[in-house]
Each structure stands twice: as C-alpha cells, then as structure tokens.
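Asks: Following this line is final.txt, made up of compact mmCIF, C-alpha atoms and all ligand atoms:
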# COMPACT_ATOMS: atom_id res chain seq x y z
CA MET A 1 99.36 101.34 72.10
CA HIS A 2 97.79 97.97 72.90
CA PRO A 3 94.20 98.92 73.71
CA MET A 4 92.68 96.96 76.53
CA LEU A 5 89.32 97.30 78.21
CA LYS A 6 90.15 98.15 81.79
CA PRO A 7 90.27 94.71 83.42
CA ALA A 8 89.31 96.12 86.82
CA LEU A 9 85.74 96.77 85.65
CA ARG A 10 83.37 93.80 85.50
CA ARG A 11 81.44 93.47 82.26
CA ALA A 12 77.77 92.49 81.98
CA TRP A 13 75.43 92.67 79.01
CA ARG A 14 72.29 94.56 79.98
CA ASP A 15 70.55 93.25 76.84
CA LEU A 16 71.65 92.08 73.40
CA ARG A 17 72.85 95.52 72.41
CA SER A 18 74.34 97.21 75.44
CA VAL A 19 77.05 96.28 77.86
CA GLN A 20 77.73 97.71 81.31
CA PHE A 21 81.27 98.13 82.52
CA GLY A 22 81.59 98.18 86.28
CA ALA A 23 79.13 97.26 89.01
CA THR A 24 79.30 100.25 91.35
CA ALA A 25 77.22 103.41 91.03
CA ALA A 26 80.26 105.69 91.10
CA HIS A 27 82.13 104.18 88.18
CA ALA A 28 79.73 102.11 86.06
CA VAL A 29 79.35 103.02 82.39
CA VAL A 30 76.90 101.60 79.86
CA VAL A 31 78.02 101.28 76.26
CA GLY A 32 75.42 100.85 73.55
CA PRO A 33 73.74 100.25 71.27
CA LEU A 34 76.25 97.85 69.78
CA ASP A 35 75.65 95.51 66.88
CA THR A 36 76.87 91.95 67.29
CA THR A 37 79.94 92.39 65.12
CA THR A 38 81.09 95.50 66.96
CA GLY A 39 80.41 93.58 70.16
CA SER A 40 82.80 90.89 69.03
CA LEU A 41 85.41 93.57 68.42
CA LEU A 42 85.20 94.40 72.13
CA GLY A 43 86.33 90.87 72.85
CA LEU A 44 89.58 91.59 71.00
CA LEU A 45 90.47 94.54 73.21
CA ASP A 46 92.42 92.53 75.75
CA GLY A 47 95.76 94.24 75.33
CA THR A 48 97.35 91.51 73.22
CA ARG A 49 96.94 93.41 69.93
CA GLY A 50 98.29 96.68 68.67
CA VAL A 51 96.03 99.06 66.74
CA GLU A 52 97.36 97.83 63.34
CA LEU A 53 96.42 94.24 64.09
CA LEU A 54 93.05 95.30 65.48
CA ARG A 55 92.36 97.24 62.28
CA ALA A 56 93.10 94.11 60.24
CA GLU A 57 90.85 92.01 62.47
CA ALA A 58 88.05 94.58 62.20
CA GLY A 59 88.40 94.42 58.41
CA ALA A 60 88.22 90.63 58.51
CA LEU A 61 85.00 90.89 60.54
CA GLY A 62 83.59 93.03 57.73
CA LEU A 63 83.50 96.23 59.76
CA ARG A 64 83.77 99.47 57.81
CA ASP A 65 86.92 101.56 57.78
CA GLY A 66 87.19 103.93 60.70
CA LEU A 67 84.81 102.02 62.95
CA LEU A 68 87.64 100.71 65.12
CA GLU A 69 89.01 104.21 65.69
CA GLU A 70 85.53 105.47 66.43
CA LEU A 71 84.96 102.68 68.96
CA LEU A 72 88.36 103.24 70.60
CA GLY A 73 87.69 106.97 70.78
CA ARG A 74 84.38 106.44 72.48
CA LEU A 75 85.70 103.83 74.88
CA ALA A 76 88.61 106.09 75.77
CA GLY A 77 86.22 109.01 76.22
CA ALA A 78 84.20 106.92 78.63
CA GLY A 79 87.37 106.10 80.59
CA LEU A 80 87.20 102.40 79.73
CA LEU A 81 90.47 101.93 77.86
CA ALA A 82 93.88 101.13 79.25
CA ASP A 83 97.10 100.80 77.30
CA ALA A 84 98.54 97.33 77.92
CA SER A 85 101.90 98.31 76.48
CA ALA A 86 102.36 101.13 78.99
CA GLY A 87 104.28 99.22 81.62
CA ARG A 88 101.73 96.42 81.72
CA PRO A 89 102.57 92.95 80.48
CA GLY A 90 100.24 92.22 77.61
CA LYS A 91 100.89 88.85 75.96
CA ALA A 92 101.99 90.46 72.72
CA ALA A 93 103.29 93.66 74.23
CA ALA A 94 106.82 92.38 73.95
CA ALA A 95 108.20 95.90 74.09
CA ALA A 96 107.02 96.13 77.70
CA PRO A 97 108.36 93.30 79.85
CA PRO A 98 106.60 92.88 83.19
CA ASP A 99 107.89 95.27 85.78
CA ASP A 100 108.09 93.10 88.91
CA ALA A 101 108.74 96.17 91.01
CA LEU A 102 105.15 97.21 90.37
CA ASP A 103 103.68 93.93 91.61
CA PRO A 104 102.98 95.14 95.17
CA LEU A 105 101.10 98.06 93.61
CA ARG A 106 99.02 96.07 91.09
CA ALA A 107 95.83 96.37 93.11
CA ASP A 108 96.49 100.07 93.67
CA LEU A 109 97.08 100.52 89.94
CA ALA A 110 93.82 98.70 89.23
CA SER A 111 92.06 101.06 91.62
CA LEU A 112 93.65 104.10 89.98
CA SER A 113 92.57 102.79 86.57
CA VAL A 114 88.97 102.81 87.78
CA ALA A 115 89.17 106.21 89.43
CA HIS A 116 90.87 108.00 86.53
CA PRO A 117 89.74 107.95 82.92
CA GLU A 118 92.96 108.21 80.90
CA PRO A 119 94.48 105.01 79.46
CA ASP A 120 97.83 105.65 81.20
CA GLY A 121 96.38 107.51 84.20
CA ALA A 122 97.23 104.83 86.75
CA LEU A 123 100.91 104.51 85.86
CA ARG A 124 101.39 108.25 85.61
CA ARG A 125 99.95 108.74 89.08
CA VAL A 126 102.11 106.04 90.61
CA ALA A 127 105.14 107.74 89.03
CA ALA A 128 103.98 111.06 90.48
CA ARG A 129 103.55 109.50 93.93
CA ARG A 130 107.16 108.40 93.79
CA ALA A 131 108.22 112.01 93.39
CA ALA A 132 105.96 113.25 96.19
CA ARG A 133 107.18 114.21 99.63
CA VAL A 134 104.82 114.02 102.57
CA GLN A 135 105.45 114.96 106.18
CA VAL A 136 103.39 113.16 108.82
CA ARG A 137 103.37 114.98 112.15
CA GLY A 138 102.67 112.61 115.03
CA ALA A 139 103.40 108.91 115.28
CA GLY A 140 100.59 107.57 117.46
CA ARG A 141 98.13 104.95 116.31
CA VAL A 142 96.75 107.19 113.60
CA GLY A 143 99.93 108.93 112.42
CA ALA A 144 102.17 105.86 112.21
CA THR A 145 99.53 103.98 110.24
CA VAL A 146 98.98 106.92 107.86
CA ALA A 147 102.73 107.04 107.24
CA ALA A 148 102.91 103.28 106.61
CA LEU A 149 99.94 103.43 104.22
CA LEU A 150 101.37 106.34 102.25
CA SER A 151 104.73 104.63 101.96
CA ALA A 152 103.13 101.34 100.92
CA SER A 153 101.06 103.21 98.33
CA GLY A 154 104.22 104.34 96.58
CA VAL A 155 104.78 107.82 98.03
CA GLY A 156 108.52 108.25 97.52
CA ARG A 157 109.29 110.17 100.65
CA VAL A 158 107.39 110.04 103.90
CA ASP A 159 108.98 111.82 106.87
CA VAL A 160 107.46 111.27 110.29
CA LEU A 161 108.02 113.85 113.00
CA ASP A 162 107.50 113.07 116.65
CA SER A 163 109.39 113.12 119.92
CA GLY A 164 109.65 110.79 122.90
CA SER A 165 109.37 107.03 123.02
CA VAL A 166 106.76 104.55 121.90
CA ARG A 167 104.29 103.60 124.63
CA PRO A 168 102.63 100.16 124.77
CA TRP A 169 99.16 101.57 123.86
CA GLU A 170 100.48 103.19 120.70
CA VAL A 171 101.11 99.86 119.02
CA ALA A 172 98.69 99.02 116.22
CA PRO A 173 98.41 96.47 113.42
CA GLY A 174 99.62 98.36 110.36
CA GLY A 175 101.25 100.92 112.63
CA LEU A 176 104.09 100.69 115.13
CA PRO A 177 104.87 97.09 116.12
CA ALA A 178 105.14 95.76 119.67
CA GLU A 179 108.93 95.53 119.31
CA ALA A 180 109.04 99.32 119.01
CA VAL A 181 107.80 99.93 122.56
CA GLY A 182 110.42 101.99 124.40
CA GLU A 183 112.17 103.01 121.20
CA ARG A 184 112.31 106.62 119.97
CA ARG A 185 109.09 107.28 118.11
CA ALA A 186 110.81 109.01 115.19
CA ALA A 187 113.21 106.11 114.66
CA ALA A 188 110.50 103.45 114.97
CA ALA A 189 108.22 105.31 112.55
CA HIS A 190 111.10 105.78 110.15
CA ARG A 191 111.74 102.04 110.08
CA LEU A 192 108.04 101.34 109.65
CA VAL A 193 107.92 103.65 106.63
CA ALA A 194 110.92 101.96 105.04
CA ARG A 195 109.58 98.50 105.67
CA SER A 196 106.18 99.43 104.26
CA ALA A 197 107.50 100.77 100.93
CA PRO A 198 106.55 98.60 97.94
CA GLY A 199 109.06 95.76 97.89
CA GLY A 200 110.58 97.11 101.13
CA ARG A 201 113.66 99.28 101.24
CA PRO A 202 116.44 99.87 103.71
CA PRO A 203 115.72 102.79 106.05
CA ARG A 204 117.25 106.08 104.94
CA THR A 205 119.19 108.09 107.46
CA PRO A 206 116.49 110.03 109.30
CA ARG A 207 116.49 113.65 108.27
CA ARG A 208 117.28 116.20 110.90
CA VAL A 209 114.51 118.72 110.83
CA THR A 210 115.65 121.91 112.43
CA GLY A 211 114.37 125.43 112.73
CA GLU A 212 110.78 126.28 112.33
CA LEU A 213 108.91 123.21 111.28
CA GLY A 214 106.76 123.37 108.23
CA ARG A 215 108.85 126.03 106.55
CA GLU A 216 110.74 123.57 104.42
CA PRO A 217 110.23 123.89 100.71
CA GLY A 218 109.19 121.03 98.50
CA LEU A 219 106.60 119.37 100.69
CA SER A 220 103.70 118.03 98.65
CA LEU A 221 101.54 117.68 101.74
CA VAL A 222 101.67 117.76 105.53
CA VAL A 223 99.43 115.33 107.39
CA VAL A 224 98.77 116.52 110.94
CA THR A 225 98.09 113.50 113.14
CA PRO A 226 98.84 114.47 116.74
CA ARG A 227 98.90 111.64 119.26
CA ASP A 228 96.55 113.67 121.44
CA GLY A 229 93.75 114.20 118.94
CA LEU A 230 92.83 117.65 120.34
CA ALA A 231 95.16 119.36 117.87
CA ALA A 232 93.47 117.51 114.99
CA TYR A 233 89.93 118.08 116.23
CA LEU A 234 90.52 121.74 117.12
CA PRO A 235 93.59 122.63 115.09
CA ASP A 236 95.82 125.28 116.59
CA PRO A 237 96.43 128.09 114.06
CA ILE A 238 99.93 128.86 115.34
CA PRO A 239 101.76 125.72 114.15
CA ALA A 240 99.93 126.11 110.83
CA GLU A 241 101.25 129.62 110.17
CA GLY A 242 104.33 128.31 108.39
CA TRP A 243 102.24 126.15 106.05
CA ILE A 244 99.94 129.07 105.29
CA THR A 245 102.88 131.34 104.45
CA THR A 246 104.61 128.76 102.29
CA GLY A 247 101.36 127.62 100.67
CA THR A 248 101.86 124.06 101.91
CA PRO A 249 98.66 121.96 101.73
CA HIS A 250 97.89 120.23 105.01
CA LEU A 251 95.39 117.64 106.15
CA TYR A 252 94.23 117.08 109.73
CA ALA A 253 93.30 113.65 111.04
CA GLY A 254 93.02 112.14 114.49
CA VAL A 255 90.98 110.58 117.22
CA LEU A 256 89.87 112.56 120.25
CA GLU A 257 87.71 111.10 123.02
CA ALA A 258 86.31 108.28 120.86
CA THR A 259 85.58 110.64 117.97
CA GLY A 260 87.50 110.35 114.74
CA VAL A 261 88.06 113.26 112.40
CA VAL A 262 89.48 113.46 108.89
CA GLY A 263 89.91 116.92 107.43
CA PRO A 264 89.94 119.62 106.65
CA LEU A 265 92.44 119.46 103.85
CA VAL A 266 93.62 123.05 103.83
CA LEU A 267 94.76 124.63 100.57
CA PRO A 268 96.31 127.86 101.91
CA GLY A 269 94.52 130.92 100.63
CA GLY A 270 91.93 128.75 98.93
CA THR A 271 90.02 126.92 101.64
CA ALA A 272 89.33 127.48 105.33
CA CYS A 273 92.35 127.07 107.60
CA ALA A 274 92.72 126.37 111.32
CA ARG A 275 92.39 130.07 112.12
CA CYS A 276 89.31 130.43 109.92
CA ALA A 277 87.67 127.59 111.87
CA GLN A 278 88.65 129.11 115.20
CA GLU A 279 87.46 132.61 114.30
CA GLU A 280 84.23 131.31 112.85
CA ARG A 281 83.47 129.36 116.00
CA THR A 282 84.36 132.34 118.18
CA ASP A 283 81.87 134.49 116.25
CA ARG A 284 79.14 132.01 117.08
CA GLU A 285 80.24 131.23 120.61
CA PRO A 286 81.94 133.99 122.61
CA ALA A 287 83.09 131.55 125.31
CA TRP A 288 85.07 129.57 122.72
CA PRO A 289 88.50 131.21 123.19
CA ARG A 290 88.24 130.62 126.94
CA MET A 291 87.45 126.93 126.37
CA LEU A 292 90.28 126.57 123.87
CA ALA A 293 92.76 128.18 126.24
CA GLN A 294 91.87 125.69 128.97
CA TRP A 295 91.98 122.68 126.67
CA ARG A 296 95.27 123.69 125.13
CA SER A 297 97.02 124.76 128.31
CA GLY A 298 96.98 121.40 130.07
CA PRO A 299 99.45 118.64 129.24
CA PRO A 300 98.31 116.30 126.45
CA ALA A 301 96.39 113.22 127.57
CA GLU A 302 98.88 110.54 128.55
CA VAL A 303 96.58 107.80 127.30
CA PRO A 304 94.31 109.00 124.48
CA ALA A 305 90.82 107.50 124.14
CA CYS A 306 91.66 106.02 120.75
CA ASP A 307 90.52 102.49 120.03
CA LEU A 308 92.05 100.39 117.29
CA GLY A 309 89.05 100.19 115.00
CA LEU A 310 88.52 103.94 114.99
CA ALA A 311 92.25 104.67 114.71
CA ALA A 312 92.55 102.33 111.71
CA THR A 313 89.44 103.83 110.11
CA VAL A 314 90.69 107.39 110.53
CA ALA A 315 94.20 106.46 109.37
CA GLY A 316 92.88 104.62 106.31
CA LEU A 317 90.53 107.41 105.33
CA ALA A 318 93.17 110.08 105.93
CA ALA A 319 95.66 108.19 103.77
CA ALA A 320 93.04 107.79 101.04
CA HIS A 321 92.29 111.53 101.11
CA ALA A 322 96.00 112.33 101.05
CA LEU A 323 96.56 110.01 98.09
CA ALA A 324 93.57 111.39 96.19
CA PHE A 325 95.08 114.86 96.65
CA LEU A 326 98.56 113.70 95.59
CA ASP A 327 96.94 112.02 92.58
CA GLY A 328 95.61 115.39 91.46
CA GLU A 329 92.08 115.48 92.85
CA LEU A 330 90.39 117.61 95.49
CA PRO A 331 88.88 115.00 97.81
CA SER A 332 85.77 115.70 99.86
CA SER A 333 87.88 116.75 102.85
CA THR A 334 88.95 119.87 100.94
CA GLY A 335 87.56 122.65 103.09
CA ALA A 336 85.48 120.16 105.05
CA ARG A 337 85.88 117.55 107.69
CA TRP A 338 84.44 114.11 108.22
CA GLU A 339 83.67 113.15 111.77
CA VAL A 340 82.58 109.85 113.28
CA SER A 341 81.98 108.82 116.89
CA LEU A 342 81.75 105.58 118.77
CA PRO A 343 79.61 103.65 119.31
CA LEU A 344 77.16 104.33 116.44
CA LEU A 345 79.76 105.33 113.85
CA GLU A 346 77.61 107.54 111.70
CA TRP A 347 79.69 109.75 109.47
CA ARG A 348 78.96 113.48 109.49
CA VAL A 349 80.44 116.10 107.23
CA GLU A 350 80.99 119.70 108.23
CA ARG A 351 81.89 122.36 105.67
CA MET A 352 84.49 124.76 107.01
CA ARG A 353 83.77 128.34 106.02
CA PRO A 354 86.70 130.64 105.29
CA HIS A 355 86.65 133.57 107.69
CA PRO A 356 86.75 137.03 106.11
CA ALA A 357 89.07 138.37 108.84
CA CYS A 358 91.60 135.51 108.59
CA PRO A 359 94.96 136.55 107.17
CA CYS A 360 95.10 133.31 105.13
CA GLY A 361 92.98 135.09 102.52
CA ALA A 362 90.60 132.23 101.80
CA GLY A 363 87.66 134.30 103.08
CA ARG A 364 88.38 137.03 100.58
CA ARG A 365 88.61 134.57 97.70
CA GLY A 366 85.51 132.64 98.62
CA GLU A 367 85.41 128.93 98.96
CA GLY A 368 87.86 126.85 96.98
CA GLU A 369 86.71 124.79 94.10
CA HIS A 370 85.66 121.29 94.80
CA ALA A 371 86.24 118.35 92.57
CA SER A 372 83.12 116.83 91.15
CA GLY A 373 82.81 113.08 91.20
CA LEU A 374 82.06 111.05 88.14
CA GLY A 375 78.51 110.70 89.41
CA ALA A 376 75.91 108.34 88.08
CA PRO A 377 76.48 105.86 85.24
CA GLN A 378 76.90 107.65 81.96
CA ASP A 379 75.82 106.49 78.59
CA THR A 380 78.08 106.45 75.66
CA MET A 381 77.19 105.45 72.17
CA ALA A 382 79.49 103.19 70.23
CA GLY A 383 79.36 100.96 67.20
ZN ZN B 401 92.14 131.13 107.32
Could I get this structure in the form of structure tokens?
Replies:
Amino acid sequence: MHPMLKPALRRAWRDLRSVQFGATAAHAVVVGPLDTTTGSLLGLLDGTRGVELLRAEAGALGLRDGLLEELLGRLAGAGLLADASAGRPGKAAAAAPPDDALDPLRADLASLSVAHPEPDGALRRVAARRAARVQVRGAGRVGATVAALLSASGVGRVDVLDSGSVRPWEVAPGGLPAEAVGERRAAAAHRLVARSAPGGRPPRTPRRVTGELGREPGLSLVVVTPRDGLAAYLPDPIPAEGWITTGTPHLYAGVLEATGVVGPLVLPGGTACARCAQEERTDREPAWPRMLAQWRSGPPAEVPACDLGLAATVAGLAAAHALAFLDGELPSSTGARWEVSLPLLEWRVERMRPHPACPCGAGRRGEGEHASGLGAPQDTMAG
C-alpha cells in the first residue's frame, strides 16, 4: 500500500493544530489536534511512499514507534486515505503502471473516492459497474441520455428497449443525435451507448429481447424512462409485475407536462411499488381509478411537453441515483420520488408508502431501510 491523502479533498488548516479535509458540508472532515511534527508527516502521504519508507521517515522526524500506524488508522477510519498503488500511478508505485483505460473515468473515480470511505472503494466500484447490467426502457430525451450516462460511467452493459423511429424533437445533447432522426430508436440508442462507453467501443449486436419483458435474469437494475412521461409519473403496475416476481430493482424517471420525476427506486418486497402507489392513492381518492383508466387508455402524447433543461436534469439525476444504487448505496429515491416542475423548479420529495394489500409484500415488511448519509463534518483525533 502507498498511502495517499485523497487528492479530491481540498485541505485547509483551521488553526495551527487542526486541518480540514474537504470544503463541502456532506464530506468535510476535521483532523486534530496535531502537533507540528505529525502535521509534517501528513505532507508525506502523497502516494509516493510505501509504509516501510514512511515508517523510516517518521523515525527520522523523531516520531515514536507506532505513531505512523495510529495516524494511518485514524485517517483511514475517517475515509481520508487512498491507496496510490491500487491502480493509481503514484510516482514510486512502480508496481502499478498507469492504466490509460481508466483516464476517461478519473473524475468519476475522484468522486467515488469522496463518496466512499475505503482506500480502494473507488476502483472496486468501477470494477463492479463493469459487471453490472442495466436495462433502460424508453429512448426519448430522458431515456437515451440516462443510457448514455450509465454507459459513460462505466456500466458494462446497458440495453435500451424501445420501438419505432426517432422523431426530430427527441434529439438532445448527450442523448440521441440529429443524425438519428428517422432511424430505429433501439438501433440509434444502441449506438449511442457504445459510443458513450469510456474510451468508446464498437456497438455490440443488439440483443433480441423476446417473451415477457423484465423476466430476464441477471439484470442489476431496470430504469423505466417512457417517452410519454405518464408511465413514469403514474407507473402502471402491470408491466412491473415481472420485476416484482423476479425481485428486479427498478427506478422510474421521466418528464410529464413540464414536471420531472425521479423515483421511486423500487426494491421488490422491500419498498413501495407501482401498485402500492396506485392502491394508496385510490384509498385517498375514490375517483382515482377512473382518472387512471382515462389517462392510460388514450394513445401516448405524440409530442411530450419535455424541454431540454428539464429532460437533462431528470436524466442526470436518474443516472446518479442508478449509479449510487449500483455502487452499493440506497439513494434517496429508494421508496420515494423527487419531483420538480417548470418554471420555478423547486424540488419536492414524496415518500411512497407500501400498501398493506399489495401482493409485492413491502407493506407487510414495513418500509425498507434507507441509507444514512455521512452527515455533518466529523471530528477525528490523530497525532
Ligand atoms: Zn407493492
């Protein structure tokens, strides 16, 4: 191991004896009190030295035996240490030559290093993303962009399902390009996914998905991004039945009538599903099934009210929630949905309650667990 203070976090001395790593409320950590000599040891943690060499340097500085290990333990416990020899090119980490293939993901790795405490957490998660398989259902402005973002973020397999041909108003920066107008949506999205992969890659032969959709094994996540946002805003329980039976996590995202929605992320049997939401609303509002029947019976809107800014916002947030889930967290869309409307763009969150009568079982288990954030700056004592 070549210990390195995570370079993504800015460092600032709060006073002579304590140093703050990171500037933002979510991830900042204060380390102290530190004496001057221990402080100078921090300066050596830049990933160019192995632990042996650091121990020798600590001895030369006159620091007592064991202090280095103690400091490293506390820094690691505070989530501040990275291992420069783990796939990262430290100057002296000759055993680990730079992996050029990771270059397009360097900023993503830096972000992962901030969000996750372990020294090798970023690389492990990128490796896990490569093994993940995500299905994106719908290739409009939102869906195509979600697929491109997931692919670009290192998700190894992103399949996009849609029918018909690309219409001129479905083109979006980061989504389907103008050249794709008139082309089959599935083929255009497939090429977009391939082109977006880190370093680019030739398109795979599109997979033929037959039979009942959603019943395929091995899906890490389904992202439901219908071109007509109604099915994201008021998810239909019937297409979700397969995911509930197979225990496939699914996330809804879309834009309907100038309102964007991200969530819920449904963990079958654990958090509220589409049917839970529908039943719960029906309990409160007896006219609801009649309204739903009318909304769902008509043909989908030919031209959705889905402007670029909102579509990009929803796609970006949906991709971030999907990635957080694939990276092992339960993002705030788990059992909840975020909603935002033009023109004021104030975000609202709505908790989705599992319904006791829903066959998904979430209502009988109670609400799923929610991940807790790292919260306010923590103090850690070192030196
Ligand atoms: Zn349910």
Asks: Which neighbours of Ala305 in chain A fall inside 10 Å, counting only C-alpha atoms, when residues of the same chain fewer than 3 positions from it are skipped, and could you give them as a PDB file with C-alpha atoms, keeping the file's coordinate frame?
Replies:
ATOM      1  CA  ASP A 228      96.550 113.670 121.440  1.00  0.00           C
ATOM      2  CA  GLY A 229      93.750 114.200 118.940  1.00  0.00           C
ATOM      3  CA  VAL A 255      90.980 110.580 117.220  1.00  0.00           C
ATOM      4  CA  LEU A 256      89.870 112.560 120.250  1.00  0.00           C
ATOM      5  CA  GLU A 257      87.710 111.100 123.020  1.00  0.00           C
ATOM      6  CA  ALA A 258      86.310 108.280 120.860  1.00  0.00           C
ATOM      7  CA  THR A 259      85.580 110.640 117.970  1.00  0.00           C
ATOM      8  CA  ALA A 301      96.390 113.220 127.570  1.00  0.00           C
ATOM      9  CA  GLU A 302      98.880 110.540 128.550  1.00  0.00           C
ATOM     10  CA  LEU A 308      92.050 100.390 117.290  1.00  0.00           C
ATOM     11  CA  ALA A 311      92.250 104.670 114.710  1.00  0.00           C
TER      12      ALA A 311
END
Asks: Which residues of chain A have any atom within 7 Å of an atom in ligand ZN 401 (chain B) when counting only C-alpha atoms and all ligand atoms, and what is the closest pair of atoms for each, with the distance in Å to one decimal? Order the rows by chain and rising number and write it as CSV.
Replies:
residue,atom,partner,partner_atom,distance
A:Ala272,CA,B:ZN401,ZN,5.0
A:Cys273,CA,B:ZN401,ZN,4.1
A:Ala274,CA,B:ZN401,ZN,6.2
A:Arg275,CA,B:ZN401,ZN,4.9
A:Cys276,CA,B:ZN401,ZN,3.9
A:Pro354,CA,B:ZN401,ZN,5.8
A:His355,CA,B:ZN401,ZN,6.0
A:Cys358,CA,B:ZN401,ZN,4.6
A:Pro359,CA,B:ZN401,ZN,6.1
A:Cys360,CA,B:ZN401,ZN,4.3
A:Gly361,CA,B:ZN401,ZN,6.3
A:Ala362,CA,B:ZN401,ZN,5.8
A:Gly363,CA,B:ZN401,ZN,6.9
Asks: Taking 3 positions as the minimum chain separation for residues in the same chain, which residues sit within 9 Å of range 156-159 of chain A when counting only C-alpha atoms? Answer as a PyMOL selection string.
Replies: chain A and resi 128-137+147-148+150-151+186+189-190+193-194+197+206-207
Asks: Show me a table, sorted first by chain and then by increasing residue number, of the residues of range 109-177 of chain A having an atom at most 10 Å from range 55-77 of chain A, each with its shortest atom pair and the distance in Å to one decimal, counting only C-alpha atoms and written as a tab-separated table.
Replies:
residue	atom	partner	partner_atom	distance
A:Pro117	CA	A:Ala76	CA	7.5
A:Glu118	CA	A:Ala76	CA	7.1
A:Pro119	CA	A:Ala76	CA	7.0
Asks: I need the chosen residues saved as a JSON list (two decimals), in the coordinates of the input, with C-alpha atoms.
Replies:
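Listed below is the output, result.json:
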[["chain", "number", "residue", "atom", "x", "y", "z"],
["A", 117, "PRO", "CA", 89.74, 107.95, 82.92],
["A", 118, "GLU", "CA", 92.96, 108.21, 80.90],
["A", 119, "PRO", "CA", 94.48, 105.01, 79.46]]
Asks: If you measure from CA of Pro289 in chain A to CA of Leu161 in chain A, what distance in Å do you get, rounded to one decimal?
Replies: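 Separation of CA of Pro289 in chain A and CA of Leu161 in chain A: 28.0 Å.
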Asks: Find the residues with any atom within 6 Å of (77.4, 93.3, 83.7); use only C-alpha atoms and the coordinates as given in the file, and write the answer as a ChimeraX atom specification.
Replies: /A:11-13,20
Asks: At a cut-off of 12 Å, using only C-alpha atoms, what residues contact Arg185 in chain A? Leave out same-chain residues fewer than 4 positions from it and give the result as a PyMOL selection string.
Replies: chain A and resi 137-141+143-144+160-168+170-171+175-177+179-181+189-192+206+227
Asks: Do a neighbour search on range 233-241 of chain A at 12 Å with all atoms listed in the file, toss out local chain neighbours closer than 6 positions, and write the hits as a count of residues only.
Replies: 58
Asks: How many Å separate CA of Leu16 in chain A from CA of Gly32 in chain A?
Replies: 9.5 Å
Asks: Interatomic distance between CA of Gly154 in chain A and CA of Pro198 in chain A?
Replies: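 Between CA of Gly154 in chain A and CA of Pro198 in chain A the gap is 6.3 Å.
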Asks: Pick out the residues sitting within 10 Å of Leu109 in chain A, and hand them over as a list of chain:residue names; count only C-alpha atoms, and ignore anything fewer than 4 positions along from it in its own chain.
Replies: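 The residues that qualify are A:Ala8, A:Leu102, A:Asp103, A:Pro104, A:Leu105, A:Ser113, A:Val114, A:Ala115, A:Gly121, A:Ala122, A:Leu123, A:Arg124, A:Arg125, A:Val126, A:Ser153.
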Asks: Between A:Thr145, A:Thr246, A:Thr271, A:Ser85, which residue has the minimum interatomic distance to Thr313 in chain A, considering all atoms listed in the file?
Replies: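 For Thr313 in chain A, the nearest of the candidates is A:Thr145.
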Asks: Choose the residue, out of A:Gly270, A:Ala127, A:Val314, A:Glu52, that has the smallest atom-to-atom separation from Leu330 in chain A; count all atoms listed in the file.
Replies: A:Gly270
Asks: Ranking A:Pro173, A:Pro331, A:Gly50, A:Pro3 by minimum distance to Asp307 in chain A and counting all atoms listed in the file, which one comes first?
Replies: A:Pro173
Asks: Please determine, counting all atoms listed in the file, which residue among A:Ala287, A:Ala78, A:Val19, A:Val146 has the shortest atom-to-atom distance to Asp35 in chain A.
Replies: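 Of A:Ala287, A:Ala78, A:Val19, A:Val146, the one nearest Asp35 in chain A is A:Val19, counting all atoms listed in the file.
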Asks: Return the single residue from A:Phe325, A:Trp243, A:Trp169, A:Phe21 that is closest to Val142 in chain A, with distances computed using only C-alpha atoms.
Replies: A:Trp169
Asks: Where atoms are absent from range 316-327 of chain A, fill them in so it carries N, CA, C and O atoms, then output it as a compact mmCIF listing (two decimals), in the coordinates of the input.
Replies:
# COMPACT_ATOMS: atom_id res chain seq x y z
N GLY A 316 93.13 105.08 107.68
CA GLY A 316 92.88 104.62 106.31
C GLY A 316 92.21 105.70 105.48
O GLY A 316 92.62 105.97 104.34
N LEU A 317 91.23 106.36 106.08
CA LEU A 317 90.53 107.41 105.33
C LEU A 317 91.45 108.61 105.09
O LEU A 317 91.46 109.18 103.99
N ALA A 318 92.24 108.95 106.10
CA ALA A 318 93.17 110.08 105.93
C ALA A 318 94.18 109.77 104.82
O ALA A 318 94.47 110.63 103.98
N ALA A 319 94.70 108.56 104.82
CA ALA A 319 95.66 108.19 103.77
C ALA A 319 95.00 108.23 102.40
O ALA A 319 95.58 108.70 101.42
N ALA A 320 93.75 107.78 102.32
CA ALA A 320 93.04 107.79 101.04
C ALA A 320 92.81 109.22 100.56
O ALA A 320 92.98 109.52 99.37
N HIS A 321 92.47 110.13 101.49
CA HIS A 321 92.29 111.53 101.11
C HIS A 321 93.62 112.13 100.67
O HIS A 321 93.68 112.87 99.68
N ALA A 322 94.68 111.81 101.41
CA ALA A 322 96.00 112.33 101.05
C ALA A 322 96.40 111.84 99.66
O ALA A 322 96.88 112.61 98.82
N LEU A 323 96.18 110.57 99.40
CA LEU A 323 96.56 110.01 98.09
C LEU A 323 95.72 110.61 96.98
O LEU A 323 96.23 110.93 95.90
N ALA A 324 94.42 110.77 97.22
CA ALA A 324 93.57 111.39 96.19
C ALA A 324 94.10 112.77 95.85
O ALA A 324 94.17 113.17 94.69
N PHE A 325 94.53 113.51 96.89
CA PHE A 325 95.08 114.86 96.65
C PHE A 325 96.39 114.76 95.86
O PHE A 325 96.59 115.46 94.87
N LEU A 326 97.28 113.86 96.30
CA LEU A 326 98.56 113.70 95.59
C LEU A 326 98.34 113.24 94.16
O LEU A 326 99.12 113.55 93.26
N ASP A 327 97.25 112.51 93.93
CA ASP A 327 96.94 112.02 92.58
C ASP A 327 96.26 113.08 91.72
O ASP A 327 95.86 112.81 90.59
